[in-house]
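J.: My structure is stored as structure-v2.cif, with mmCIF, C-alpha atoms.
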```cif
data_upload
#
loop_
_atom_site.label_atom_id
_atom_site.label_comp_id
_atom_site.auth_asym_id
_atom_site.auth_seq_id
_atom_site.Cartn_x
_atom_site.Cartn_y
_atom_site.Cartn_z
CA MET A 1 26.59 -51.14 196.87
CA PHE A 2 24.38 -49.69 194.14
CA SER A 3 25.92 -49.78 190.72
CA THR A 4 23.20 -47.97 188.75
CA ALA A 5 20.59 -45.24 189.17
CA ALA A 6 17.88 -47.76 188.32
CA GLU A 7 18.84 -49.83 191.37
CA ALA A 8 19.11 -46.83 193.68
CA VAL A 9 15.68 -45.36 192.84
CA GLN A 10 14.01 -48.57 193.91
CA ASN A 11 15.28 -48.23 197.46
CA GLU A 12 13.56 -45.21 198.98
CA LYS A 13 15.62 -45.30 202.20
CA TYR A 14 18.84 -45.18 200.20
CA LYS A 15 17.64 -42.75 197.58
CA GLN A 16 16.64 -39.94 199.96
CA PRO A 17 20.04 -39.31 201.59
CA LEU A 18 21.78 -39.87 198.24
CA ILE A 19 19.68 -37.23 196.52
CA GLU A 20 20.10 -34.85 199.42
CA LEU A 21 23.90 -35.13 199.24
CA LEU A 22 23.97 -34.72 195.47
CA TYR A 23 21.96 -31.50 195.71
CA GLN A 24 24.38 -30.17 198.30
CA LEU A 25 27.41 -31.01 196.16
CA ALA A 26 25.85 -29.69 192.95
CA ASP A 27 24.45 -26.48 194.42
CA ASP A 28 27.71 -25.71 196.26
CA ASP A 29 29.84 -26.02 193.14
CA PHE A 30 27.30 -24.29 190.94
CA ILE A 31 26.95 -21.09 192.96
CA LEU A 32 30.65 -20.81 193.79
CA ALA A 33 31.60 -21.30 190.13
CA TYR A 34 29.18 -18.47 189.34
CA ARG A 35 30.68 -16.19 191.99
CA GLY A 36 34.11 -17.02 190.65
CA SER A 37 33.08 -16.27 187.09
CA GLU A 38 32.05 -12.75 188.17
CA TRP A 39 35.76 -12.04 188.60
CA LEU A 40 36.47 -12.52 184.90
CA GLY A 41 38.37 -9.47 183.71
CA LEU A 42 38.68 -8.15 187.27
CA ALA A 43 41.23 -10.54 188.81
CA PRO A 44 44.47 -9.02 190.17
CA HIS A 45 46.49 -9.85 187.05
CA ILE A 46 46.07 -11.52 183.69
CA GLU A 47 47.62 -14.84 184.72
CA GLU A 48 45.07 -15.03 187.51
CA ASP A 49 42.27 -14.22 185.10
CA VAL A 50 43.28 -17.24 183.01
CA ALA A 51 43.72 -19.52 186.02
CA PHE A 52 40.56 -18.50 187.85
CA SER A 53 38.43 -18.85 184.70
CA SER A 54 39.80 -22.32 184.16
CA ILE A 55 39.01 -23.28 187.76
CA ASN A 56 35.49 -21.90 187.43
CA GLN A 57 34.99 -23.84 184.22
CA ASP A 58 36.13 -27.06 185.93
CA THR A 59 33.92 -26.36 188.94
CA MET A 60 30.88 -25.68 186.77
CA GLY A 61 31.69 -28.98 185.05
CA HIS A 62 31.61 -30.72 188.43
CA ALA A 63 28.25 -29.14 189.27
CA SER A 64 26.95 -30.28 185.92
CA MET A 65 28.05 -33.85 186.65
CA PHE A 66 26.31 -33.87 190.01
CA TYR A 67 23.15 -32.49 188.39
CA GLN A 68 23.49 -35.22 185.77
CA LEU A 69 23.50 -37.85 188.54
CA LEU A 70 20.32 -36.24 189.87
CA GLU A 71 18.75 -36.32 186.41
CA ASP A 72 19.60 -40.03 186.24
CA LEU A 73 17.71 -40.45 189.54
CA ASN A 74 14.61 -38.87 187.94
CA GLU A 75 14.99 -35.44 189.55
CA GLY A 76 14.50 -33.60 186.24
CA PRO A 77 16.69 -32.28 183.43
CA VAL A 78 20.13 -30.85 184.25
CA ASP A 79 19.45 -27.37 182.85
CA CYS A 80 16.27 -27.12 184.83
CA LEU A 81 17.97 -28.25 188.05
CA ALA A 82 20.71 -25.69 187.56
CA HIS A 83 18.66 -22.70 186.42
CA ALA A 84 15.00 -23.07 187.30
CA ARG A 85 15.05 -23.90 191.01
CA PRO A 86 14.29 -20.88 193.21
CA ALA A 87 16.49 -19.92 196.18
CA ASN A 88 14.23 -21.65 198.71
CA GLU A 89 14.82 -25.02 197.05
CA ARG A 90 18.64 -24.81 197.03
CA LEU A 91 20.93 -26.66 199.41
CA ASN A 92 24.19 -24.74 198.93
CA ALA A 93 25.97 -23.31 201.96
CA VAL A 94 25.18 -19.62 202.54
CA LEU A 95 28.89 -18.69 202.50
CA LEU A 96 29.13 -19.67 198.84
CA GLU A 97 26.28 -17.44 197.70
CA MET A 98 27.64 -14.28 199.35
CA VAL A 99 28.59 -11.51 196.92
CA ASN A 100 32.27 -10.99 196.13
CA GLY A 101 32.05 -7.49 197.57
CA PRO A 102 30.25 -4.19 197.01
CA GLY A 103 29.05 -3.23 193.54
CA THR A 104 28.08 -5.50 190.68
CA TYR A 105 29.92 -7.04 187.79
CA LEU A 106 28.80 -4.16 185.57
CA ILE A 107 28.67 -1.25 188.00
CA GLU A 108 31.67 -0.39 190.19
CA PRO A 109 32.72 -3.85 191.27
CA LYS A 110 34.75 -3.30 194.44
CA TYR A 111 35.30 -6.99 194.96
CA ASP A 112 37.32 -8.31 197.86
CA TRP A 113 40.23 -10.48 196.75
CA ALA A 114 41.21 -11.52 200.27
CA PHE A 115 37.67 -12.80 200.92
CA THR A 116 37.71 -14.64 197.59
CA VAL A 117 41.04 -16.34 198.27
CA VAL A 118 40.00 -17.42 201.77
CA ARG A 119 36.53 -18.59 200.72
CA HIS A 120 37.88 -20.56 197.75
CA TYR A 121 40.78 -22.04 199.66
CA PHE A 122 38.75 -23.17 202.67
CA TYR A 123 36.02 -24.49 200.39
CA THR A 124 38.47 -26.39 198.18
CA VAL A 125 40.02 -28.11 201.21
CA ALA A 126 36.52 -29.12 202.40
CA LYS A 127 35.60 -30.31 198.91
CA LYS A 128 38.80 -32.35 198.73
CA VAL A 129 37.93 -34.04 202.05
CA LYS A 130 34.45 -34.92 200.77
CA ILE A 131 35.69 -36.10 197.38
CA GLU A 132 38.34 -38.33 198.99
CA SER A 133 35.57 -39.93 201.04
CA LEU A 134 33.31 -40.27 197.97
CA LYS A 135 36.01 -42.26 196.20
CA ASN A 136 34.73 -45.10 198.41
CA SER A 137 31.03 -44.29 198.12
CA SER A 138 28.49 -47.11 198.01
CA TYR A 139 26.91 -45.36 195.01
CA GLU A 140 29.15 -46.37 192.13
CA PRO A 141 28.32 -43.60 189.65
CA LEU A 142 29.26 -41.07 192.36
CA LYS A 143 32.42 -42.98 193.20
CA HIS A 144 33.60 -42.81 189.56
CA ILE A 145 32.90 -39.12 189.26
CA ALA A 146 34.72 -38.46 192.54
CA LEU A 147 37.87 -40.07 191.18
CA LYS A 148 37.66 -37.85 188.09
CA ILE A 149 36.96 -34.66 190.06
CA ASN A 150 39.80 -35.45 192.44
CA MET A 151 42.38 -35.13 189.67
CA GLU A 152 41.17 -31.68 188.68
CA LEU A 153 40.81 -30.60 192.29
CA TYR A 154 44.49 -31.27 192.81
CA TYR A 155 45.33 -28.21 190.70
CA HIS A 156 42.65 -26.04 192.30
CA LEU A 157 43.96 -26.79 195.75
CA LEU A 158 47.54 -26.04 194.77
CA HIS A 159 46.40 -22.72 193.31
CA TRP A 160 44.40 -21.47 196.29
CA LYS A 161 46.88 -22.70 198.85
CA THR A 162 49.63 -20.73 197.13
CA TRP A 163 47.55 -17.54 197.12
CA PHE A 164 46.44 -18.07 200.71
CA LYS A 165 49.90 -18.63 202.13
CA GLN A 166 51.61 -15.91 200.12
CA LEU A 167 49.08 -13.25 201.08
CA CYS A 168 49.11 -14.29 204.73
CA LEU A 169 52.91 -14.09 204.77
CA SER A 170 53.02 -10.80 202.86
CA ASN A 171 53.07 -7.24 204.27
CA ASP A 172 51.00 -5.96 207.20
CA ASP A 173 48.20 -4.61 205.03
CA ALA A 174 47.77 -7.97 203.29
CA LYS A 175 47.91 -9.85 206.57
CA LYS A 176 45.30 -7.57 208.13
CA ARG A 177 42.93 -8.06 205.21
CA MET A 178 43.47 -11.81 205.24
CA ILE A 179 42.70 -12.08 208.96
CA GLN A 180 39.55 -10.07 208.42
CA ALA A 181 38.55 -12.37 205.54
CA ILE A 182 39.33 -15.47 207.61
CA ASN A 183 36.96 -14.22 210.31
CA THR A 184 34.20 -13.51 207.79
CA VAL A 185 34.55 -16.95 206.21
CA ILE A 186 34.80 -18.84 209.50
CA ALA A 187 31.61 -17.15 210.73
CA GLU A 188 29.76 -19.03 207.97
CA PHE A 189 31.93 -22.07 207.34
CA ASP A 190 29.93 -24.49 209.46
CA GLY A 191 27.35 -24.28 206.68
CA VAL A 192 29.87 -25.79 204.26
CA LEU A 193 30.88 -28.58 206.66
CA SER A 194 27.29 -29.46 207.48
CA LEU A 195 25.76 -32.42 205.65
CA GLY A 196 22.24 -31.40 206.65
CA ALA A 197 19.32 -33.27 208.18
CA LEU A 198 20.12 -36.63 206.58
CA ALA A 199 23.82 -36.77 207.55
CA ASN A 200 23.32 -39.91 209.65
CA GLU A 201 21.51 -41.72 206.86
CA MET A 202 24.28 -40.79 204.42
CA GLN A 203 26.81 -42.37 206.76
CA GLU A 204 24.64 -45.38 207.54
CA HIS A 205 24.30 -46.22 203.83
CA GLN A 206 28.01 -45.52 203.27
CA ILE A 207 27.30 -42.88 200.68
CA ILE A 208 29.84 -40.66 202.46
CA GLU A 209 31.59 -40.87 205.83
CA GLY A 210 30.28 -39.21 208.99
CA GLU A 211 30.05 -35.44 209.25
CA ASP A 212 32.21 -35.26 212.39
CA LEU A 213 35.00 -37.27 210.85
CA LEU A 214 35.02 -35.11 207.71
CA ARG A 215 34.98 -31.96 209.83
CA GLN A 216 37.96 -33.24 211.82
CA ARG A 217 39.94 -33.95 208.64
CA TRP A 218 39.24 -30.43 207.41
CA MET A 219 40.31 -28.98 210.75
CA ASN A 220 43.54 -31.00 210.74
CA GLU A 221 44.49 -29.71 207.30
CA MET A 222 43.62 -26.15 208.29
CA LYS A 223 45.64 -26.34 211.49
CA ASN A 224 48.70 -27.51 209.56
CA VAL A 225 48.48 -24.59 207.19
CA PHE A 226 47.78 -22.08 209.95
CA SER A 227 50.87 -23.20 211.81
CA GLU A 228 52.91 -22.40 208.70
CA ILE A 229 51.50 -18.88 208.38
CA GLU A 230 51.76 -18.21 212.11
CA ILE A 231 48.20 -17.00 212.49
CA PRO A 232 46.12 -18.61 215.25
CA PHE A 233 43.34 -20.76 213.89
CA PRO A 234 39.96 -19.26 214.85
CA LEU A 235 38.27 -21.25 217.57
CA LYS A 236 34.64 -20.88 216.69
CA ILE A 237 33.26 -22.05 213.37
CA GLU A 238 29.69 -20.85 212.85
CA MET A 239 26.92 -20.30 210.35
CA LYS A 240 25.60 -16.89 211.30
CA SER A 241 23.53 -16.14 208.22
CA GLY A 242 21.56 -19.37 208.13
CA ASN A 243 21.82 -23.03 207.24
CA GLY A 244 21.73 -23.53 203.49
CA ARG A 245 21.35 -27.30 203.93
CA LEU A 246 17.91 -26.48 205.41
CA LYS A 247 17.16 -24.21 202.45
CA GLU A 248 17.78 -21.03 204.42
CA HIS A 249 19.31 -18.39 202.18
CA THR A 250 20.03 -14.70 201.80
CA GLU A 251 18.97 -12.10 199.27
CA ASP A 252 22.40 -12.57 197.62
CA LEU A 253 21.30 -15.96 196.29
CA THR A 254 17.98 -14.68 194.97
CA GLU A 255 19.79 -11.89 193.12
CA ALA A 256 22.46 -14.25 191.76
CA LEU A 257 19.86 -16.71 190.45
CA LYS A 258 17.95 -13.88 188.80
CA THR A 259 21.06 -12.82 186.93
CA LEU A 260 22.49 -16.21 186.02
CA SER A 261 19.19 -17.68 184.81
CA GLU A 262 18.15 -14.66 182.77
CA VAL A 263 19.06 -16.20 179.43
CA TYR A 264 17.68 -19.62 180.37
CA ARG A 265 14.33 -18.08 181.32
CA THR A 266 13.91 -16.34 177.95
CA ASP A 267 13.31 -19.77 176.44
CA PRO A 268 13.50 -22.75 178.82
CA ALA A 269 12.87 -25.20 175.95
CA ALA A 270 15.86 -24.02 173.88
CA SER A 271 18.76 -26.36 173.31
CA TRP A 272 22.13 -24.71 174.06
CA MET F 273 45.89 -66.22 155.39
CA VAL F 274 42.44 -66.03 156.86
CA GLU F 275 40.20 -63.68 155.03
CA LYS F 276 38.87 -60.85 157.13
CA SER F 277 35.20 -61.13 157.98
CA LYS F 278 32.79 -58.41 156.94
CA TYR F 279 32.38 -57.55 160.61
CA ASP F 280 36.11 -56.91 161.04
CA ILE F 281 36.25 -54.83 157.90
CA ASN F 282 33.38 -52.72 159.15
CA VAL F 283 34.96 -52.23 162.55
CA ASN F 284 38.13 -51.08 160.83
CA ARG F 285 36.12 -48.61 158.81
CA LEU F 286 34.52 -47.32 162.01
CA TYR F 287 37.97 -46.70 163.47
CA ASP F 288 39.06 -44.98 160.25
CA GLN F 289 36.15 -42.58 160.65
CA LEU F 290 36.90 -42.00 164.35
CA GLN F 291 40.45 -41.13 163.36
CA LYS F 292 38.93 -38.20 161.40
CA VAL F 293 37.34 -36.76 164.54
CA LYS F 294 39.85 -34.27 165.90
CA ASP F 295 40.05 -32.30 169.10
CA PRO F 296 38.19 -29.10 168.07
CA GLU F 297 40.86 -27.07 169.84
CA ILE F 298 43.91 -29.00 168.59
CA ASP F 299 42.98 -29.98 165.07
CA SER F 300 45.97 -32.22 164.42
CA VAL F 301 45.13 -34.79 167.09
CA SER F 302 42.29 -37.29 166.89
CA ILE F 303 40.13 -38.52 169.75
CA LEU F 304 41.70 -41.97 169.29
CA GLU F 305 45.19 -40.54 169.69
CA LEU F 306 44.07 -38.67 172.79
CA GLY F 307 42.91 -41.95 174.28
CA MET F 308 39.32 -40.78 174.67
CA VAL F 309 37.65 -43.74 172.97
CA GLU F 310 37.10 -46.51 175.49
CA ASN F 311 34.65 -48.73 173.69
CA VAL F 312 33.18 -49.27 170.23
CA GLN F 313 30.17 -51.58 170.14
CA TYR F 314 28.78 -52.38 166.76
CA ALA F 315 25.81 -54.60 165.94
CA LYS F 316 23.47 -54.58 162.95
CA ASN F 317 23.30 -50.97 161.77
CA HIS F 318 23.87 -49.45 165.13
CA VAL F 319 27.06 -48.32 166.83
CA LEU F 320 27.64 -47.21 170.42
CA ILE F 321 30.75 -45.23 171.21
CA GLU F 322 31.80 -44.85 174.83
CA LEU F 323 34.05 -41.87 175.41
CA LEU F 324 36.12 -40.71 178.37
CA PRO F 325 35.96 -36.92 178.82
CA THR F 326 39.38 -35.36 179.37
CA PHE F 327 38.20 -32.54 181.65
CA MET F 328 34.67 -32.46 182.95
CA GLY F 329 33.89 -28.84 182.15
CA CYS F 330 35.41 -29.04 178.67
CA PRO F 331 33.07 -27.21 176.26
CA ALA F 332 34.46 -29.21 173.33
CA LEU F 333 32.75 -32.42 174.52
CA ASP F 334 29.41 -31.70 172.84
CA ILE F 335 31.16 -30.70 169.62
CA ILE F 336 33.13 -33.96 169.67
CA LYS F 337 29.94 -35.93 170.23
CA ASN F 338 28.26 -34.34 167.21
CA ASN F 339 31.36 -34.72 165.04
CA ILE F 340 31.46 -38.44 165.84
CA LYS F 341 27.83 -38.84 164.82
CA GLN F 342 28.43 -36.95 161.60
CA GLN F 343 31.50 -38.99 160.66
CA LEU F 344 29.99 -42.38 161.45
CA LEU F 345 26.67 -41.71 159.71
CA THR F 346 28.55 -41.30 156.41
CA LEU F 347 29.18 -45.07 156.49
CA ASP F 348 26.71 -47.05 154.41
CA PHE F 349 26.29 -49.80 157.03
CA ILE F 350 25.45 -47.43 159.90
CA ASN F 351 22.13 -45.74 160.46
CA ALA F 352 22.16 -45.07 164.19
CA VAL F 353 24.97 -43.70 166.36
CA ASP F 354 24.96 -43.34 170.12
CA VAL F 355 27.76 -41.51 171.89
CA LYS F 356 27.98 -41.86 175.63
CA PHE F 357 30.41 -40.26 178.05
CA ILE F 358 31.53 -42.61 180.79
CA TYR F 359 33.77 -41.97 183.81
CA ASN F 360 35.13 -45.40 184.58
CA PRO F 361 37.99 -45.71 183.95
CA PRO F 362 38.84 -42.02 184.31
CA TRP F 363 40.75 -40.41 181.45
CA THR F 364 44.38 -39.83 182.41
CA SER F 365 47.07 -38.10 180.39
CA ASP F 366 49.08 -41.32 179.97
CA ARG F 367 46.31 -42.54 177.63
CA ILE F 368 47.61 -40.26 174.87
CA THR F 369 49.31 -42.47 172.28
CA GLU F 370 52.89 -42.06 171.07
CA ILE F 371 51.63 -40.68 167.75
CA GLY F 372 49.29 -38.39 169.68
CA ARG F 373 52.23 -37.06 171.68
CA GLN F 374 54.18 -36.46 168.49
CA LYS F 375 51.29 -34.59 166.89
CA LEU F 376 50.77 -32.41 169.95
CA LYS F 377 54.39 -31.40 169.73
CA GLU F 378 54.06 -30.55 166.05
CA PHE F 379 51.10 -28.34 166.96
CA GLY F 380 53.34 -26.47 169.42
CA ILE F 381 51.99 -28.12 172.56
CA ALA F 382 54.34 -30.13 174.74
CA PRO F 383 52.86 -33.56 175.52
CA PRO F 384 52.13 -34.23 179.19
CA PRO F 385 55.12 -35.44 181.22
CA ILE F 386 55.15 -39.21 181.60
CA HIS F 387 56.72 -39.06 185.02
CA PHE F 388 54.86 -37.31 187.74
CA GLU F 389 56.62 -36.59 191.00
CA GLU F 390 54.87 -37.01 194.29
CA THR F 391 55.57 -33.40 195.15
CA GLY F 392 53.42 -32.46 192.17
CA GLU F 393 56.41 -31.06 190.29
CA TRP F 394 56.77 -31.81 186.63
CA ARG F 395 59.03 -30.73 183.79
CA VAL F 396 58.58 -30.80 180.06
CA ASN F 397 60.88 -29.95 177.22
CA CYS F 398 60.19 -27.10 174.81
CA PRO F 399 58.17 -28.40 171.82
CA TYR F 400 60.14 -26.09 169.48
CA CYS F 401 63.80 -26.58 170.45
CA ASP F 402 63.55 -29.55 172.84
CA SER F 403 65.45 -27.64 175.53
CA SER F 404 64.78 -28.66 179.12
CA TYR F 405 65.47 -25.06 180.20
CA THR F 406 61.78 -24.26 180.63
CA THR F 407 59.71 -22.58 183.35
CA LEU F 408 56.07 -22.93 184.24
CA ASP F 409 54.29 -19.57 183.96
CA ASN F 410 50.76 -20.69 184.74
CA ILE F 411 49.43 -24.15 185.55
CA PHE F 412 46.18 -23.00 183.98
CA GLY F 413 46.00 -22.09 180.33
CA PRO F 414 43.63 -21.17 177.50
CA THR F 415 41.78 -24.49 177.85
CA ALA F 416 41.17 -26.70 180.86
CA CYS F 417 43.75 -29.27 179.74
CA ARG F 418 46.70 -26.95 179.10
CA SER F 419 49.33 -25.01 181.03
CA ILE F 420 51.46 -22.05 179.90
CA LEU F 421 55.25 -22.30 179.94
CA TYR F 422 58.27 -20.39 178.72
CA CYS F 423 61.44 -21.64 177.09
CA GLY F 424 64.60 -19.95 178.32
CA SER F 425 66.62 -21.29 175.39
CA CYS F 426 64.63 -20.27 172.32
CA LYS F 427 62.64 -17.60 174.19
CA ASN F 428 59.28 -18.92 173.05
CA PRO F 429 56.23 -19.11 175.23
CA PHE F 430 54.50 -22.46 174.74
CA GLU F 431 51.76 -24.62 176.11
CA ALA F 432 51.83 -28.11 177.60
CA MET F 433 49.13 -30.67 178.27
CA LYS F 434 48.64 -30.91 182.02
CA PRO F 435 49.55 -34.22 183.57
CA ILE F 436 46.42 -35.91 184.93
CA SER F 437 46.88 -39.01 187.02
CA THR F 438 44.96 -41.05 189.57
CA LEU F 439 48.01 -40.66 191.83
CA MET F 440 47.02 -37.06 192.45
#
```
How does the structure come out when it is put into structure tokens?

T.:
Amino acid sequence: MFSTAAEAVQNEKYKQPLIELLYQLADDDFILAYRGSEWLGLAPHIEEDVAFSSINQDTMGHASMFYQLLEDLNEGPVDCLAHARPANERLNAVLLEMVNGPGTYLIEPKYDWAFTVVRHYFYTVAKKVKIESLKNSSYEPLKHIALKINMELYYHLLHWKTWFKQLCLSNDDAKKRMIQAINTVIAEFDGVLSLGALANEMQEHQIIEGEDLLRQRWMNEMKNVFSEIEIPFPLKIEMKSGNGRLKEHTEDLTEALKTLSEVYRTDPAASW
Amino acid sequence: MVEKSKYDINVNRLYDQLQKVKDPEIDSVSILELGMVENVQYAKNHVLIELLPTFMGCPALDIIKNNIKQQLLTLDFINAVDVKFIYNPPWTSDRITEIGRQKLKEFGIAPPPIHFEETGEWRVNCPYCDSSYTTLDNIFGPTACRSILYCGSCKNPFEAMKPISTLM
């Protein structure tokens, strides 16, 4: 058990997997909160605009907390970790960096709501599984933050589950689009479930439980929901476009970082 | 009657100042009434305030931090203020005091329900007419901590503080 950052930094064998996991958690939340925020003003209806913005704000808050834990472990200032790291230093899953659909926020955004619902729902279930495990983490600062995040996540999960089930149980057009989105998301979802090269060390030091166990919990939850919507659960979970945990990324991430860090880069020393 | 020590008097004055720090988005309720202040440590001319953030992405947190500094530095016996956000224990909505709940209601925001069902369902009464004939329009609202509801009795839309509990 490590109760402070000062203790953890002194143990190199503990620090490495801890830092690796924190980057994964921070980068995942950060990029997905950004993708979510691109929907502002474009969501299907005004209630959703309010809800989705609130969820994105929470999620960005979670990313910020994880970056703060990294700052405490001497990884550099939060703003710099969030904005200044290039794509080839990021550990987020590739699925989460993928654009919302054709077009851009400013020019003809033809975003895909089915893809968004599926990506957010599947991700939120996976995040919930990880956060539940982190409530017992050997790194106390992470354990405390997990308990806090868990309470906010409760509402996110409720939200996305409602959307997911209702659209899957809606008319044929909706169902067709949802199945298509499920296939797209599943083709990359292994990247979200992966804990990367140091997964064993994370487990060994009880920072988080084993990757296989977490994957199984996610699958169990998914299978329950899929039995309710009467759609067969896809058999093969893959990561076709690369493994973000190994810093493999797509052009979508490079473009996103260029846009989201534009203001930061005008004056990196400014205080916001 | 034992006379109050200078230390106690000063601590009281610190709390009086903290009472003046309001939620920037609900200006009738103080951070004390919201249950955000976990610890006040005062020694020599220095004070450390440990705060529990309500929601982690809340943009009001930095404003609150600065407002605390401003308020406490007006005291003649203080020349350094540190404000630190801590996460243990986590802030939960049952930390809001009875007076805090009353003031939220006066502002037009229903206080968070005290009872939270395991199914996740919760009900609050309308802050205007106290009717229980209310429906939840949107769990999410204009700020991270609020939901949007509608009162079927007086036909007013209103907001409620979301229940936040470790049971979730």

J.: Could you please select, counting all atoms listed in the file, the residues of chain F within 12 Å of chain A and state them as a ChimeraX atom specification?

T.: /F:324-331,333-335,357-365,390-393,408-421,434-440

J.: Kindly resolve the PyMOL selection byres ((chain A and resi 92) around 8) on the present coordinates and return the residues as a list in words.

T.: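 Taken over the shown coordinates, the PyMOL selection byres ((chain A and resi 92) around 8) returns Tyr23, Gln24, Leu25, Ala26, Asp27, Asp28, Ile31, Arg90, Leu91, Ala93, Val94, Leu96, Glu97, Val192, Gly244, Arg245 and Lys247 of chain A.
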
J.: Please produce an output containing C-alpha atoms for each residue in the selection, written as a PDB file, keeping the file's coordinate frame.

T.:
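Printed below is selection_20.pdb as written:
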```pdb
ATOM      1  CA  TYR A  23      21.960 -31.500 195.710  1.00  0.00           C
ATOM      2  CA  GLN A  24      24.380 -30.170 198.300  1.00  0.00           C
ATOM      3  CA  LEU A  25      27.410 -31.010 196.160  1.00  0.00           C
ATOM      4  CA  ALA A  26      25.850 -29.690 192.950  1.00  0.00           C
ATOM      5  CA  ASP A  27      24.450 -26.480 194.420  1.00  0.00           C
ATOM      6  CA  ASP A  28      27.710 -25.710 196.260  1.00  0.00           C
ATOM      7  CA  ILE A  31      26.950 -21.090 192.960  1.00  0.00           C
ATOM      8  CA  ARG A  90      18.640 -24.810 197.030  1.00  0.00           C
ATOM      9  CA  LEU A  91      20.930 -26.660 199.410  1.00  0.00           C
ATOM     10  CA  ALA A  93      25.970 -23.310 201.960  1.00  0.00           C
ATOM     11  CA  VAL A  94      25.180 -19.620 202.540  1.00  0.00           C
ATOM     12  CA  LEU A  96      29.130 -19.670 198.840  1.00  0.00           C
ATOM     13  CA  GLU A  97      26.280 -17.440 197.700  1.00  0.00           C
ATOM     14  CA  VAL A 192      29.870 -25.790 204.260  1.00  0.00           C
ATOM     15  CA  GLY A 244      21.730 -23.530 203.490  1.00  0.00           C
ATOM     16  CA  ARG A 245      21.350 -27.300 203.930  1.00  0.00           C
ATOM     17  CA  LYS A 247      17.160 -24.210 202.450  1.00  0.00           C
TER      18      LYS A 247
END
```

J.: For the file shown, what are the residues hit by the PyMOL selection byres ((chain A and resi 254) around 12), laid out as a JSON list (two decimals) with C-alpha atoms, in the frame of the given file?

T.:
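Just written: out21.json:
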```json
[["chain", "number", "residue", "atom", "x", "y", "z"],
["A", 31, "ILE", "CA", 26.95, -21.09, 192.96],
["A", 83, "HIS", "CA", 18.66, -22.70, 186.42],
["A", 84, "ALA", "CA", 15.00, -23.07, 187.30],
["A", 85, "ARG", "CA", 15.05, -23.90, 191.01],
["A", 86, "PRO", "CA", 14.29, -20.88, 193.21],
["A", 87, "ALA", "CA", 16.49, -19.92, 196.18],
["A", 88, "ASN", "CA", 14.23, -21.65, 198.71],
["A", 89, "GLU", "CA", 14.82, -25.02, 197.05],
["A", 90, "ARG", "CA", 18.64, -24.81, 197.03],
["A", 94, "VAL", "CA", 25.18, -19.62, 202.54],
["A", 97, "GLU", "CA", 26.28, -17.44, 197.70],
["A", 98, "MET", "CA", 27.64, -14.28, 199.35],
["A", 99, "VAL", "CA", 28.59, -11.51, 196.92],
["A", 248, "GLU", "CA", 17.78, -21.03, 204.42],
["A", 249, "HIS", "CA", 19.31, -18.39, 202.18],
["A", 250, "THR", "CA", 20.03, -14.70, 201.80],
["A", 251, "GLU", "CA", 18.97, -12.10, 199.27],
["A", 252, "ASP", "CA", 22.40, -12.57, 197.62],
["A", 253, "LEU", "CA", 21.30, -15.96, 196.29],
["A", 255, "GLU", "CA", 19.79, -11.89, 193.12],
["A", 256, "ALA", "CA", 22.46, -14.25, 191.76],
["A", 257, "LEU", "CA", 19.86, -16.71, 190.45],
["A", 258, "LYS", "CA", 17.95, -13.88, 188.80],
["A", 259, "THR", "CA", 21.06, -12.82, 186.93],
["A", 260, "LEU", "CA", 22.49, -16.21, 186.02],
["A", 261, "SER", "CA", 19.19, -17.68, 184.81]]
```

J.: Around all listed atoms of range 393-410 of chain F, padded 5 Å per side, what centre and edge lengths does the axis-aligned box have in Å to one decimal, as lines of an AutoDock Vina configuration file?

T.:
```
center_x = 58.1
center_y = -25.7
center_z = 179.9
size_x = 24.7
size_y = 22.2
size_z = 30.8
```

J.: Find the distance between CA of Ala270 in chain A and CA of Leu320 in chain F and write it in Å to one decimal.

T.: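 We find that CA of Ala270 in chain A and CA of Leu320 in chain F lie 26.2 Å from each other.
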
J.: Decode the PyMOL selection byres ((chain F and resi 398) around 12) for the given file into explicit residues and return them as a PyMOL selection string.

T.: chain F and resi 376-378+380-385+395-397+399-408+420-432

J.: Please list as a PyMOL selection string every residue within 9 Å of Ala8 in chain A, counting only C-alpha atoms and excluding residues in the same chain fewer than 6 positions away.

T.: chain A and resi 2+14-15+18+73+139

J.: Choose the residue, out of F:Val319, F:Ile298, F:Met433, F:Leu347, that has the smallest atom-to-atom separation from Arg285 in chain F; count only C-alpha atoms.

T.: F:Leu347

J.: May I have the residues within 10 Å of Val125 in chain A as a PDB file with C-alpha atoms, in the coordinates of the input, using all atoms listed in the file and disregarding those fewer than 3 positions away in the same chain?

T.:
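Result file follows (result-v5.pdb):
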```pdb
ATOM      1  CA  HIS A 120      37.880 -20.560 197.750  1.00  0.00           C
ATOM      2  CA  TYR A 121      40.780 -22.040 199.660  1.00  0.00           C
ATOM      3  CA  PHE A 122      38.750 -23.170 202.670  1.00  0.00           C
ATOM      4  CA  LYS A 128      38.800 -32.350 198.730  1.00  0.00           C
ATOM      5  CA  VAL A 129      37.930 -34.040 202.050  1.00  0.00           C
ATOM      6  CA  LYS A 130      34.450 -34.920 200.770  1.00  0.00           C
ATOM      7  CA  ILE A 131      35.690 -36.100 197.380  1.00  0.00           C
ATOM      8  CA  LEU A 153      40.810 -30.600 192.290  1.00  0.00           C
ATOM      9  CA  HIS A 156      42.650 -26.040 192.300  1.00  0.00           C
ATOM     10  CA  LEU A 157      43.960 -26.790 195.750  1.00  0.00           C
ATOM     11  CA  TRP A 160      44.400 -21.470 196.290  1.00  0.00           C
ATOM     12  CA  LYS A 161      46.880 -22.700 198.850  1.00  0.00           C
ATOM     13  CA  ARG A 217      39.940 -33.950 208.640  1.00  0.00           C
ATOM     14  CA  TRP A 218      39.240 -30.430 207.410  1.00  0.00           C
ATOM     15  CA  MET A 219      40.310 -28.980 210.750  1.00  0.00           C
ATOM     16  CA  GLU A 221      44.490 -29.710 207.300  1.00  0.00           C
ATOM     17  CA  MET A 222      43.620 -26.150 208.290  1.00  0.00           C
TER      18      MET A 222
END
```
